[in-house]
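work-v1.txt (compact mmCIF, C-alpha atoms and all ligand atoms)
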# COMPACT_ATOMS: atom_id res chain seq x y z
CA MET A 4 -30.65 -248.60 24.80
CA SER A 5 -32.16 -245.98 22.56
CA ALA A 6 -32.38 -246.51 18.84
CA ARG A 7 -29.80 -245.07 16.45
CA TYR A 8 -30.53 -244.35 12.79
CA ARG A 9 -28.09 -243.72 9.96
CA ILE A 10 -29.29 -240.97 7.64
CA ALA A 11 -27.71 -240.09 4.30
CA VAL A 12 -28.30 -236.42 3.58
CA ILE A 13 -28.24 -235.11 0.01
CA PRO A 14 -29.02 -231.38 -0.15
CA GLY A 15 -28.64 -231.26 -3.96
CA ASP A 16 -29.19 -227.91 -5.67
CA GLY A 17 -30.71 -224.47 -5.20
CA ILE A 18 -33.09 -224.13 -2.28
CA GLY A 19 -32.42 -227.79 -1.42
CA ARG A 20 -29.21 -226.51 0.18
CA GLU A 21 -31.17 -223.91 2.14
CA VAL A 22 -34.08 -225.99 3.42
CA VAL A 23 -32.17 -229.20 4.28
CA PRO A 24 -30.24 -227.57 7.17
CA GLU A 25 -33.58 -226.44 8.65
CA GLY A 26 -34.97 -229.95 8.27
CA LEU A 27 -31.91 -231.31 10.07
CA ARG A 28 -32.23 -228.72 12.82
CA CYS A 29 -35.76 -229.97 13.50
CA LEU A 30 -34.78 -233.66 13.22
CA ARG A 31 -31.98 -233.18 15.75
CA ARG A 32 -34.40 -231.51 18.13
CA ALA A 33 -36.84 -234.41 17.67
CA ALA A 34 -34.03 -236.87 18.50
CA GLU A 35 -33.09 -234.93 21.66
CA THR A 36 -36.64 -234.80 22.91
CA HIS A 37 -37.59 -238.37 21.99
CA ASP A 38 -34.59 -240.38 23.05
CA PHE A 39 -33.09 -241.67 19.85
CA ALA A 40 -29.89 -240.85 17.97
CA LEU A 41 -29.23 -239.84 14.39
CA ASP A 42 -25.96 -240.47 12.59
CA VAL A 43 -26.03 -237.99 9.76
CA VAL A 44 -23.62 -238.13 6.82
CA GLU A 45 -23.89 -235.46 4.16
CA PHE A 46 -23.08 -236.09 0.48
CA ASP A 47 -22.35 -233.53 -2.22
CA PHE A 48 -23.30 -235.73 -5.18
CA ALA A 49 -26.61 -235.52 -7.06
CA SER A 50 -25.97 -231.81 -7.62
CA ALA A 51 -24.90 -229.45 -10.38
CA ALA A 52 -21.71 -228.64 -8.48
CA TYR A 53 -20.75 -232.34 -8.47
CA TRP A 54 -21.59 -232.55 -12.17
CA GLU A 55 -19.31 -229.60 -12.91
CA ARG A 56 -16.38 -231.27 -11.16
CA HIS A 57 -16.89 -234.87 -12.31
CA GLY A 58 -19.05 -234.84 -15.41
CA THR A 59 -21.48 -237.29 -13.77
CA MET A 60 -24.20 -236.88 -11.17
CA LEU A 61 -23.09 -239.79 -8.95
CA PRO A 62 -19.84 -241.51 -7.98
CA GLY A 63 -19.29 -245.11 -9.16
CA ASP A 64 -19.86 -246.54 -5.68
CA TRP A 65 -23.04 -244.60 -4.86
CA GLN A 66 -25.12 -247.74 -4.49
CA PRO A 67 -23.16 -249.56 -1.74
CA THR A 68 -22.52 -246.17 -0.12
CA LEU A 69 -26.20 -245.28 0.20
CA GLU A 70 -27.31 -248.84 0.94
CA ALA A 71 -25.51 -248.64 4.27
CA PHE A 72 -28.07 -246.08 5.49
CA ASP A 73 -31.52 -246.49 7.02
CA ALA A 74 -32.95 -243.62 4.97
CA ILE A 75 -32.05 -240.89 2.51
CA TYR A 76 -33.01 -237.30 3.31
CA PHE A 77 -33.05 -235.45 0.02
CA GLY A 78 -33.41 -231.76 -0.84
CA ALA A 79 -33.88 -231.03 -4.54
CA VAL A 80 -31.91 -231.75 -7.67
CA GLY A 81 -31.80 -229.66 -10.84
CA TRP A 82 -29.95 -226.59 -12.00
CA PRO A 83 -30.76 -226.16 -15.68
CA ALA A 84 -28.19 -223.39 -16.20
CA VAL A 85 -25.47 -226.01 -15.65
CA VAL A 86 -26.97 -229.41 -16.43
CA PRO A 87 -30.14 -230.17 -18.38
CA ASP A 88 -33.01 -231.34 -16.13
CA HIS A 89 -33.44 -234.70 -17.85
CA VAL A 90 -29.74 -235.45 -17.29
CA SER A 91 -29.73 -234.46 -13.62
CA LEU A 92 -33.00 -236.22 -12.87
CA TRP A 93 -32.32 -239.47 -14.74
CA GLY A 94 -28.74 -239.43 -13.48
CA SER A 95 -29.69 -239.29 -9.80
CA LEU A 96 -33.18 -239.36 -8.33
CA LEU A 97 -34.74 -241.68 -10.88
CA ARG A 98 -31.80 -244.07 -10.53
CA PHE A 99 -32.29 -244.17 -6.76
CA ARG A 100 -35.97 -244.95 -7.24
CA ARG A 101 -35.32 -247.75 -9.68
CA VAL A 102 -32.26 -249.38 -8.11
CA PHE A 103 -33.66 -249.12 -4.57
CA ASP A 104 -37.05 -250.43 -5.77
CA GLN A 105 -38.95 -247.55 -4.19
CA TYR A 106 -42.21 -248.67 -5.72
CA VAL A 107 -44.49 -246.57 -3.54
CA ASN A 108 -44.68 -242.81 -3.77
CA LEU A 109 -46.54 -241.48 -0.75
CA ARG A 110 -47.89 -237.96 -0.56
CA PRO A 111 -49.94 -236.70 2.36
CA VAL A 112 -52.50 -234.02 1.64
CA ARG A 113 -53.48 -232.12 4.71
CA LEU A 114 -54.86 -228.70 5.35
CA LEU A 115 -52.64 -226.85 7.80
CA PRO A 116 -53.77 -223.85 9.83
CA GLY A 117 -53.05 -220.43 8.42
CA VAL A 118 -52.12 -221.63 4.93
CA ARG A 119 -54.01 -219.93 2.14
CA GLY A 120 -55.11 -221.98 -0.83
CA PRO A 121 -58.19 -223.05 -2.77
CA LEU A 122 -59.48 -225.14 0.14
CA ALA A 123 -58.52 -222.72 2.88
CA GLY A 124 -62.11 -222.08 3.96
CA ARG A 125 -62.46 -225.60 5.31
CA ALA A 126 -61.66 -226.88 8.76
CA PRO A 127 -58.15 -228.38 8.87
CA GLY A 128 -59.46 -231.80 9.96
CA ASP A 129 -61.66 -231.93 6.84
CA VAL A 130 -58.74 -232.46 4.53
CA ASP A 131 -56.36 -235.16 5.69
CA PHE A 132 -55.66 -237.89 3.20
CA VAL A 133 -52.76 -239.52 1.49
CA VAL A 134 -52.08 -240.41 -2.14
CA VAL A 135 -50.31 -243.72 -2.77
CA ARG A 136 -48.87 -243.72 -6.25
CA GLU A 137 -47.46 -246.75 -8.06
CA ASN A 138 -43.93 -245.63 -8.86
CA THR A 139 -42.41 -248.20 -11.24
CA GLU A 140 -44.67 -249.38 -14.07
CA GLY A 141 -48.12 -248.69 -15.54
CA GLU A 142 -48.53 -245.94 -18.09
CA TYR A 143 -44.88 -244.87 -17.84
CA SER A 144 -43.44 -247.75 -19.84
CA SER A 145 -41.17 -247.41 -22.83
CA VAL A 146 -42.98 -250.13 -24.76
CA GLY A 147 -44.20 -248.80 -28.08
CA GLY A 148 -43.00 -246.83 -31.02
CA ARG A 149 -43.83 -245.14 -34.30
CA VAL A 150 -44.88 -246.80 -37.51
CA PHE A 151 -44.84 -245.12 -40.95
CA GLU A 152 -43.01 -242.26 -39.29
CA GLY A 153 -43.10 -238.97 -41.17
CA THR A 154 -45.88 -240.08 -43.50
CA GLU A 155 -49.58 -239.34 -43.62
CA ARG A 156 -50.16 -242.82 -42.22
CA GLU A 157 -48.06 -242.20 -39.12
CA ILE A 158 -49.10 -244.32 -36.12
CA VAL A 159 -47.82 -243.91 -32.57
CA LEU A 160 -48.31 -246.59 -29.92
CA GLN A 161 -47.39 -246.63 -26.26
CA GLU A 162 -48.36 -249.54 -24.07
CA THR A 163 -49.38 -249.50 -20.42
CA VAL A 164 -47.65 -252.30 -18.59
CA MET A 165 -49.29 -253.69 -15.47
CA THR A 166 -47.90 -256.78 -13.80
CA ARG A 167 -49.69 -258.82 -11.15
CA HIS A 168 -46.57 -258.39 -8.98
CA GLY A 169 -46.40 -254.62 -9.51
CA VAL A 170 -50.10 -253.91 -9.04
CA ASP A 171 -50.61 -256.21 -6.07
CA ARG A 172 -47.66 -254.92 -4.11
CA VAL A 173 -48.70 -251.28 -4.26
CA LEU A 174 -52.32 -252.21 -3.46
CA ARG A 175 -51.18 -254.27 -0.50
CA PHE A 176 -49.13 -251.34 0.75
CA ALA A 177 -52.15 -249.04 0.41
CA PHE A 178 -54.49 -251.42 2.24
CA GLU A 179 -51.97 -251.90 5.03
CA TYR A 180 -51.53 -248.16 5.26
CA ALA A 181 -55.31 -247.63 5.40
CA ARG A 182 -55.55 -250.28 8.11
CA GLY A 183 -53.20 -248.23 10.25
CA ARG A 184 -55.34 -245.10 10.03
CA GLU A 185 -58.44 -244.23 11.96
CA ALA A 186 -60.85 -244.00 9.02
CA ARG A 187 -59.71 -247.29 7.41
CA HIS A 188 -60.94 -246.24 4.04
CA LEU A 189 -59.37 -246.83 0.65
CA THR A 190 -60.32 -245.14 -2.61
CA SER A 191 -59.07 -246.56 -5.89
CA ALA A 192 -58.51 -244.29 -8.89
CA THR A 193 -59.68 -246.00 -12.05
CA LYS A 194 -60.95 -245.35 -15.55
CA SER A 195 -62.33 -248.74 -16.45
CA ASN A 196 -65.20 -247.17 -18.39
CA GLY A 197 -62.78 -245.75 -20.96
CA ILE A 198 -59.54 -247.70 -20.69
CA ALA A 199 -60.94 -251.11 -21.38
CA ILE A 200 -58.07 -253.51 -20.73
CA SER A 201 -55.61 -252.30 -18.13
CA MET A 202 -58.00 -250.46 -15.82
CA PRO A 203 -60.53 -253.31 -15.45
CA TYR A 204 -57.51 -255.41 -14.46
CA TRP A 205 -56.57 -252.81 -11.85
CA ASP A 206 -60.17 -252.90 -10.50
CA GLU A 207 -60.07 -256.69 -10.41
CA ARG A 208 -56.86 -256.68 -8.37
CA VAL A 209 -58.31 -254.11 -5.95
CA GLU A 210 -61.20 -256.53 -5.36
CA ALA A 211 -58.89 -259.52 -5.02
CA VAL A 212 -56.36 -257.91 -2.67
CA GLY A 213 -59.20 -256.18 -0.78
CA ARG A 214 -60.59 -259.57 0.27
CA ASP A 215 -57.65 -259.84 2.65
CA TYR A 216 -58.67 -256.52 4.21
CA PRO A 217 -62.35 -256.85 5.15
CA ASP A 218 -61.79 -254.22 7.87
CA VAL A 219 -60.92 -251.54 5.27
CA ASP A 220 -63.88 -249.88 3.49
CA ARG A 221 -63.27 -249.29 -0.14
CA ASP A 222 -64.71 -247.38 -3.04
CA LYS A 223 -63.52 -246.35 -6.48
CA TYR A 224 -63.93 -243.31 -8.70
CA HIS A 225 -63.08 -242.67 -12.30
CA ILE A 226 -60.10 -240.39 -12.42
CA ASP A 227 -61.98 -237.45 -13.94
CA ALA A 228 -64.62 -237.47 -11.21
CA LEU A 229 -62.01 -238.15 -8.58
CA ALA A 230 -60.07 -235.04 -9.57
CA ALA A 231 -63.21 -232.96 -9.20
CA HIS A 232 -63.96 -234.45 -5.77
CA PHE A 233 -60.46 -233.61 -4.57
CA VAL A 234 -61.49 -230.00 -4.89
CA LEU A 235 -65.22 -230.20 -4.08
CA ASN A 236 -65.36 -232.96 -1.44
CA PRO A 237 -61.86 -233.57 -0.10
CA ASP A 238 -63.34 -234.84 3.16
CA ARG A 239 -64.38 -238.07 1.39
CA PHE A 240 -60.84 -239.34 1.19
CA ASP A 241 -58.48 -241.17 3.50
CA VAL A 242 -56.07 -243.30 1.45
CA VAL A 243 -56.21 -242.92 -2.33
CA VAL A 244 -54.34 -245.50 -4.40
CA ALA A 245 -53.55 -244.90 -8.05
CA SER A 246 -51.52 -246.11 -10.99
CA ASN A 247 -48.35 -244.28 -11.99
CA LEU A 248 -49.96 -241.68 -14.28
CA PHE A 249 -53.12 -241.09 -12.26
CA GLY A 250 -51.07 -240.97 -9.07
CA ASP A 251 -48.69 -238.45 -10.60
CA ILE A 252 -51.54 -236.11 -11.42
CA LEU A 253 -53.40 -236.57 -8.13
CA SER A 254 -50.29 -236.12 -6.05
CA ASP A 255 -49.70 -232.68 -7.56
CA LEU A 256 -53.36 -231.73 -7.43
CA GLY A 257 -53.66 -232.59 -3.74
CA PRO A 258 -50.92 -230.27 -2.45
CA ALA A 259 -52.02 -227.57 -4.90
CA CYS A 260 -55.47 -227.62 -3.26
CA THR A 261 -54.06 -227.18 0.21
CA GLY A 262 -51.77 -224.24 -0.40
CA THR A 263 -48.18 -223.50 -1.28
CA LEU A 264 -45.86 -226.00 -2.92
CA GLY A 265 -43.39 -225.08 -0.19
CA ILE A 266 -45.14 -227.20 2.45
CA ALA A 267 -45.72 -230.45 0.55
CA PRO A 268 -43.66 -233.58 1.37
CA SER A 269 -43.26 -236.89 -0.38
CA ALA A 270 -41.69 -240.27 0.32
CA ASN A 271 -40.36 -242.86 -2.11
CA ILE A 272 -40.64 -246.08 -0.21
CA ASN A 273 -39.28 -249.59 -0.46
CA PRO A 274 -41.77 -251.19 1.95
CA GLU A 275 -39.74 -254.38 2.42
CA ARG A 276 -36.88 -252.22 3.73
CA ARG A 277 -34.42 -254.15 1.61
CA TYR A 278 -33.18 -250.76 0.42
CA PRO A 279 -33.28 -247.31 1.99
CA SER A 280 -36.37 -245.18 1.30
CA LEU A 281 -35.99 -241.58 0.17
CA PHE A 282 -37.76 -238.53 1.59
CA GLU A 283 -37.93 -235.35 -0.52
CA PRO A 284 -40.17 -232.31 -0.70
CA VAL A 285 -42.53 -232.05 -3.67
CA HIS A 286 -40.96 -228.77 -4.79
CA GLY A 287 -37.80 -228.51 -6.89
CA SER A 288 -34.65 -226.45 -6.58
CA ALA A 289 -36.53 -223.19 -7.36
CA PRO A 290 -33.72 -221.28 -9.16
CA ASP A 291 -35.91 -218.15 -9.15
CA ILE A 292 -35.64 -217.72 -5.37
CA ALA A 293 -32.46 -219.70 -4.60
CA GLY A 294 -29.73 -217.86 -2.68
CA ARG A 295 -32.11 -215.34 -1.12
CA GLY A 296 -32.84 -217.20 2.10
CA ILE A 297 -36.60 -216.98 1.67
CA ALA A 298 -37.52 -220.57 0.72
CA ASN A 299 -40.16 -222.20 2.88
CA PRO A 300 -38.53 -225.09 4.80
CA ILE A 301 -41.82 -226.74 5.87
CA GLY A 302 -41.94 -229.27 3.01
CA GLN A 303 -38.46 -230.43 3.99
CA ILE A 304 -39.34 -230.51 7.68
CA TRP A 305 -42.55 -232.47 7.02
CA CYS A 306 -40.41 -234.95 5.02
CA GLY A 307 -38.41 -235.41 8.19
CA ALA A 308 -41.63 -236.34 10.00
CA MET A 309 -42.44 -238.91 7.30
CA MET A 310 -38.93 -240.31 7.63
CA LEU A 311 -39.26 -240.66 11.41
CA GLU A 312 -42.60 -242.39 10.97
CA HIS A 313 -40.99 -244.82 8.53
CA LEU A 314 -38.07 -245.44 10.89
CA GLY A 315 -40.47 -246.35 13.69
CA GLU A 316 -40.58 -243.11 15.68
CA PRO A 317 -44.25 -242.09 15.32
CA ASP A 318 -44.29 -239.92 18.45
CA ALA A 319 -41.35 -237.87 17.26
CA ALA A 320 -42.98 -237.59 13.82
CA ALA A 321 -46.19 -236.31 15.41
CA ALA A 322 -44.19 -233.84 17.51
CA LEU A 323 -42.57 -232.40 14.38
CA LEU A 324 -45.94 -231.91 12.71
CA SER A 325 -47.46 -230.35 15.84
CA ALA A 326 -44.57 -227.91 15.93
CA VAL A 327 -45.22 -226.97 12.29
CA GLU A 328 -48.93 -226.47 13.00
CA ALA A 329 -48.25 -224.43 16.13
CA VAL A 330 -45.94 -222.04 14.30
CA LEU A 331 -48.31 -221.74 11.33
CA ALA A 332 -51.17 -220.87 13.67
CA GLY A 333 -49.06 -218.22 15.41
CA PRO A 334 -48.02 -214.72 14.33
CA ALA A 335 -47.26 -214.37 10.61
CA ASP A 336 -43.96 -212.51 11.01
CA ALA A 337 -41.93 -215.73 11.40
CA LEU A 338 -43.41 -217.12 8.17
CA THR A 339 -41.74 -217.03 4.77
CA PRO A 340 -43.11 -214.78 1.98
CA ASP A 341 -45.03 -217.61 0.25
CA LEU A 342 -47.04 -217.91 3.49
CA GLY A 343 -47.66 -214.20 3.64
CA GLY A 344 -44.87 -213.36 6.09
CA ALA A 345 -41.53 -211.58 5.85
CA GLY A 346 -39.42 -214.21 7.63
CA THR A 347 -36.39 -216.08 6.34
CA THR A 348 -35.84 -219.81 5.85
CA THR A 349 -33.68 -219.91 8.98
CA GLN A 350 -36.12 -217.91 11.10
CA LEU A 351 -38.98 -220.25 10.22
CA GLY A 352 -36.83 -223.37 10.71
CA THR A 353 -35.58 -222.11 14.07
CA ALA A 354 -39.09 -221.21 15.24
CA ILE A 355 -40.36 -224.69 14.39
CA ALA A 356 -37.36 -226.46 15.94
CA ALA A 357 -37.94 -224.53 19.16
CA ARG A 358 -41.49 -225.90 19.39
CA VAL A 359 -40.59 -229.55 18.80
CA GLY A 360 -41.38 -231.50 21.91
CA SER A 361 -42.99 -228.53 23.65
CA THR A 362 -46.48 -228.82 22.16
CA THR A 363 -48.94 -231.56 23.00
P1 LIG L 401 -39.10 -229.40 -10.60
O1 LIG L 401 -37.67 -229.13 -10.19
O2 LIG L 401 -39.75 -230.45 -9.77
O3 LIG L 401 -39.31 -229.51 -12.05
P2 LIG L 401 -40.11 -226.79 -10.91
O4 LIG L 401 -38.83 -226.24 -11.43
O5 LIG L 401 -41.27 -226.96 -11.78
O6 LIG L 401 -39.87 -228.14 -10.13
P3 LIG L 401 -39.94 -225.59 -8.35
O7 LIG L 401 -38.47 -225.52 -8.40
O8 LIG L 401 -40.54 -226.46 -7.33
O9 LIG L 401 -40.60 -225.95 -9.72
O10 LIG L 401 -40.56 -224.12 -8.22
C1 LIG L 401 -41.86 -223.77 -8.69
C2 LIG L 401 -42.26 -222.44 -8.10
O11 LIG L 401 -42.60 -222.59 -6.71
C3 LIG L 401 -41.16 -221.41 -8.18
O12 LIG L 401 -41.68 -220.14 -8.45
C4 LIG L 401 -40.56 -221.44 -6.79
O13 LIG L 401 -39.98 -220.24 -6.39
C5 LIG L 401 -41.76 -221.81 -5.90
N1 LIG L 401 -41.29 -222.61 -4.76
C6 LIG L 401 -40.89 -223.91 -4.83
N2 LIG L 401 -40.51 -224.35 -3.62
C7 LIG L 401 -40.67 -223.32 -2.77
C8 LIG L 401 -40.41 -223.16 -1.37
N3 LIG L 401 -39.92 -224.16 -0.59
N4 LIG L 401 -40.69 -221.97 -0.81
C9 LIG L 401 -41.20 -220.97 -1.56
N5 LIG L 401 -41.44 -221.05 -2.87
C10 LIG L 401 -41.18 -222.22 -3.49
MG MG L 402 -37.03 -227.08 -11.10
Output the file's structure in the form of structure tokens.
Amino acid sequence: MSARYRIAVIPGDGIGREVVPEGLRCLRRAAETHDFALDVVEFDFASAAYWERHGTMLPGDWQPTLEAFDAIYFGAVGWPAVVPDHVSLWGSLLRFRRVFDQYVNLRPVRLLPGVRGPLAGRAPGDVDFVVVRENTEGEYSSVGGRVFEGTEREIVLQETVMTRHGVDRVLRFAFEYARGREARHLTSATKSNGIAISMPYWDERVEAVGRDYPDVDRDKYHIDALAAHFVLNPDRFDVVVASNLFGDILSDLGPACTGTLGIAPSANINPERRYPSLFEPVHGSAPDIAGRGIANPIGQIWCGAMMLEHLGEPDAAAALLSAVEAVLAGPADALTPDLGGAGTTTQLGTAIAARVGSTT
């Protein structure tokens, strides 16, 4: 019997509603060609339209509803003309992350053929790494406050919170992930020369957890140098693990180096699979181009590949990515304007779907 996966689809706002159908087109094609089935249920919540009708971003029973699925395939949320960004974000995506304990944020950085960007002169194989960001604690804590507020003596404090549990689990995920890749190399982002308490602890835990992974080579860079090497020597990296703040910065820098925002995917993962993981492109709802049918669907399609990999369909995931690469390497007319073409979202999605399963 072939496998069957339940997928909750949340298109959200703006170009999310335009690129998600293209992602689904490609996923369905991957299912047909790789002998598995997808049960897809689409939801209209986590959107400005839902907010306008209900005054909230999510229904009361969102948690049990989404928990019944194997994964969440997400477009983009945010439509500031209707609902302020902090309300829409905290009222949906950030709640999913927290309640579903998606403590790993995974962002592949890979140079694809035909995509212009700061690193475009390099061979595609030169740039192929992944950023593993801690997604729940670290620098983004709300511990702290102001003292003597409004006076000349004003003092502002904000603590970094690292727990053994929180640090070890993301490191373990990163080492396991590195173990599954050919290069078996892990780079840790640190700043223990300047941040004298939390970052030495991070380094210490990398050493401690790393002892269980003698087959994975490891090195570490201070975050400032690491950022420079992303641009100057991207071929040094395979799996890069970082705290919440450093990971946030690196996971935007990486895709920026390899070209348009429109191609970059990300996954918010609960590695224990106690809760569904969520797959979303790095880009937002892009109000400036929404409704024109010109958004690049590749970020959303690549998210589909990450989702299939997570669900245990690596061959189908690889087929999706090969189809993306084949179309990117082909004539530019099918490509969207951000890639230098004059094609539409649907044309590019259809061209990629047609190649799924037909490339080697
Ligand atoms: P966020 O919602 O995460 O805060 P943002 O509002 O800063 O994101 P986006 O909505 O991602 O940014 O858009 C940033 C720019 O990139 C916009 O000019 C947008 O048109 C462009 N862009 C984003 N995604 C795509 C895409 N898939 N295809 C083409 N252009 C895109
Ligand atoms: Mg936005």
>> Report as a VMD selection string all protein, DNA and RNA residues lying within 10 Å of Gly148 in chain A, evaluated on all atoms listed in the file, omitting residues in the same chain fewer than 5 positions from it.
In response: chain A and resid 158 to 162
Those residues you just picked out, can you put them in a file as a PDB file, in the frame of the given file with C-alpha atoms?
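The result, stored in result-v7.pdb:
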ATOM      1  CA  ILE A 158     -49.100-244.320 -36.120  1.00  0.00           C
ATOM      2  CA  VAL A 159     -47.820-243.910 -32.570  1.00  0.00           C
ATOM      3  CA  LEU A 160     -48.310-246.590 -29.920  1.00  0.00           C
ATOM      4  CA  GLN A 161     -47.390-246.630 -26.260  1.00  0.00           C
ATOM      5  CA  GLU A 162     -48.360-249.540 -24.070  1.00  0.00           C
TER       6      GLU A 162
END
Please enclose the listed atoms of range 29-38 of chain A in an axis-aligned box, pad each side by 8 Å, and write out the centre and the three edge lengths in Å, rounded to one decimal, as JSON.
{"center_x": -34.8, "center_y": -235.2, "center_z": 18.1, "size_x": 21.6, "size_y": 26.4, "size_z": 25.8}
>> as a ChimeraX atom specification, please: the residues near Tyr204 in chain A (cut-off 9 Å, all atoms listed in the file, same-chain neighbours under 4 positions excluded).
In response: /A:165,195,199-200,208-209
Shell around range 275-277 of chain A at 9 Å using all atoms listed in the file, local window under 4 positions removed, as a PDB file with C-alpha atoms, keeping the file's coordinate frame:
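Dumped to around-v5.pdb:
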ATOM      1  CA  GLU A  70     -27.310-248.840   0.940  1.00  0.00           C
ATOM      2  CA  ASP A  73     -31.520-246.490   7.020  1.00  0.00           C
ATOM      3  CA  PHE A 103     -33.660-249.120  -4.570  1.00  0.00           C
ATOM      4  CA  ASP A 104     -37.050-250.430  -5.770  1.00  0.00           C
TER       5      ASP A 104
END
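In terms of minimum interatomic distance to Phe233 in chain A, A:Asp129 ranks closest within A:Asp215, A:Asp129, A:Asp291, A:Asp38, counting all atoms listed in the file.
Using all atoms listed in the file, residues with at least one atom at most 6 Å away from any atom of ligand LIG 401 (chain L) are Gly81, Leu264, Gly265, His286, Gly287, Ser288, Ala289, Asp291, Ile292, Ala298, Asn299, Pro300 and Asp341 of chain A.
In this model, the gap between CA of Gly124 in chain A and CA of Gly352 in chain A comes to 26.2 Å.
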Any chance you could tabulate, as JSON lines, the residues of chain A at most 12 Å from ligand MG 402 (chain L) with each one's nearest atom pair and distance in Å to one decimal, using only C-alpha atoms and all ligand atoms, in chain and rising number order?
{"residue": "A:Gly15", "atom": "CA", "partner": "L:MG402", "partner_atom": "MG", "distance": 11.8}
{"residue": "A:Asp16", "atom": "CA", "partner": "L:MG402", "partner_atom": "MG", "distance": 9.6}
{"residue": "A:Gly17", "atom": "CA", "partner": "L:MG402", "partner_atom": "MG", "distance": 9.0}
{"residue": "A:Ile18", "atom": "CA", "partner": "L:MG402", "partner_atom": "MG", "distance": 10.1}
{"residue": "A:Gly19", "atom": "CA", "partner": "L:MG402", "partner_atom": "MG", "distance": 10.7}
{"residue": "A:Gly78", "atom": "CA", "partner": "L:MG402", "partner_atom": "MG", "distance": 11.8}
{"residue": "A:Ala79", "atom": "CA", "partner": "L:MG402", "partner_atom": "MG", "distance": 8.3}
{"residue": "A:Val80", "atom": "CA", "partner": "L:MG402", "partner_atom": "MG", "distance": 7.7}
{"residue": "A:Gly81", "atom": "CA", "partner": "L:MG402", "partner_atom": "MG", "distance": 5.8}
{"residue": "A:Trp82", "atom": "CA", "partner": "L:MG402", "partner_atom": "MG", "distance": 7.2}
{"residue": "A:Pro83", "atom": "CA", "partner": "L:MG402", "partner_atom": "MG", "distance": 7.8}
{"residue": "A:Ala84", "atom": "CA", "partner": "L:MG402", "partner_atom": "MG", "distance": 10.9}
{"residue": "A:Val86", "atom": "CA", "partner": "L:MG402", "partner_atom": "MG", "distance": 11.6}
{"residue": "A:Pro87", "atom": "CA", "partner": "L:MG402", "partner_atom": "MG", "distance": 10.5}
{"residue": "A:Asp88", "atom": "CA", "partner": "L:MG402", "partner_atom": "MG", "distance": 7.7}
{"residue": "A:His89", "atom": "CA", "partner": "L:MG402", "partner_atom": "MG", "distance": 10.8}
{"residue": "A:Ser91", "atom": "CA", "partner": "L:MG402", "partner_atom": "MG", "distance": 10.7}
{"residue": "A:Leu92", "atom": "CA", "partner": "L:MG402", "partner_atom": "MG", "distance": 10.1}
{"residue": "A:Val285", "atom": "CA", "partner": "L:MG402", "partner_atom": "MG", "distance": 10.5}
{"residue": "A:His286", "atom": "CA", "partner": "L:MG402", "partner_atom": "MG", "distance": 7.6}
{"residue": "A:Gly287", "atom": "CA", "partner": "L:MG402", "partner_atom": "MG", "distance": 4.5}
{"residue": "A:Ser288", "atom": "CA", "partner": "L:MG402", "partner_atom": "MG", "distance": 5.1}
{"residue": "A:Ala289", "atom": "CA", "partner": "L:MG402", "partner_atom": "MG", "distance": 5.4}
{"residue": "A:Pro290", "atom": "CA", "partner": "L:MG402", "partner_atom": "MG", "distance": 7.0}
{"residue": "A:Asp291", "atom": "CA", "partner": "L:MG402", "partner_atom": "MG", "distance": 9.2}
{"residue": "A:Ile292", "atom": "CA", "partner": "L:MG402", "partner_atom": "MG", "distance": 11.1}
{"residue": "A:Ala293", "atom": "CA", "partner": "L:MG402", "partner_atom": "MG", "distance": 10.8}
>> Which residues are near Pro62 in chain A? Cut-off 12 Å, only C-alpha atoms, ignore same chain within fewer than 3 positions. Put them as JSON, numbers by chain.
In response: {"A": [46, 47, 48, 49, 50, 53, 54, 56, 57, 58, 59, 65, 66, 67, 68, 69, 94, 95]}
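All protein and nucleic acid residues in the vicinity of (-52.7, -238.1, -7.7), that is within 9 Å when counting only C-alpha atoms, are A:Arg110, A:Val134, A:Val135, A:Arg136, A:Ala192, A:Ala230, A:Val243, A:Val244, A:Ala245, A:Ser246, A:Asn247, A:Leu248, A:Phe249, A:Gly250, A:Asp251, A:Ile252, A:Leu253, A:Ser254, A:Asp255, A:Leu256, A:Gly257.
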> In Å, how far is it from CA of Gln105 in chain A to CA of Ala308 in chain A?
Replying inline: 18.3 Å
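The spacing separating CA of Phe178 in chain A from CA of Glu142 in chain A amounts to 21.9 Å.
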> With distances taken over all atoms listed in the file, which of A:Arg28, A:His313, A:Arg7, A:His37 is nearest to Tyr180 in chain A?
Replying inline: A:His313
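Shortest atom-to-atom contact with Gly117 in chain A among A:Ala6, A:Val43, A:Cys260, A:Leu342: A:Leu342, counting all atoms listed in the file.
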>> Excluding Gly333 in chain A and its own-chain neighbours fewer than 2 positions away, which residues fall within 12 Å of it when counting all atoms listed in the file? Please give them as an NGL selection string.
In response: :A and (116-118 or 326-331 or 335-338 or 344 or 351 or 354-355 or 358)
> From the list A:Ala33, A:Val22, A:Val146, A:Gly120, which residue is nearest Ser325 in chain A when using all atoms listed in the file?
Replying inline: A:Ala33
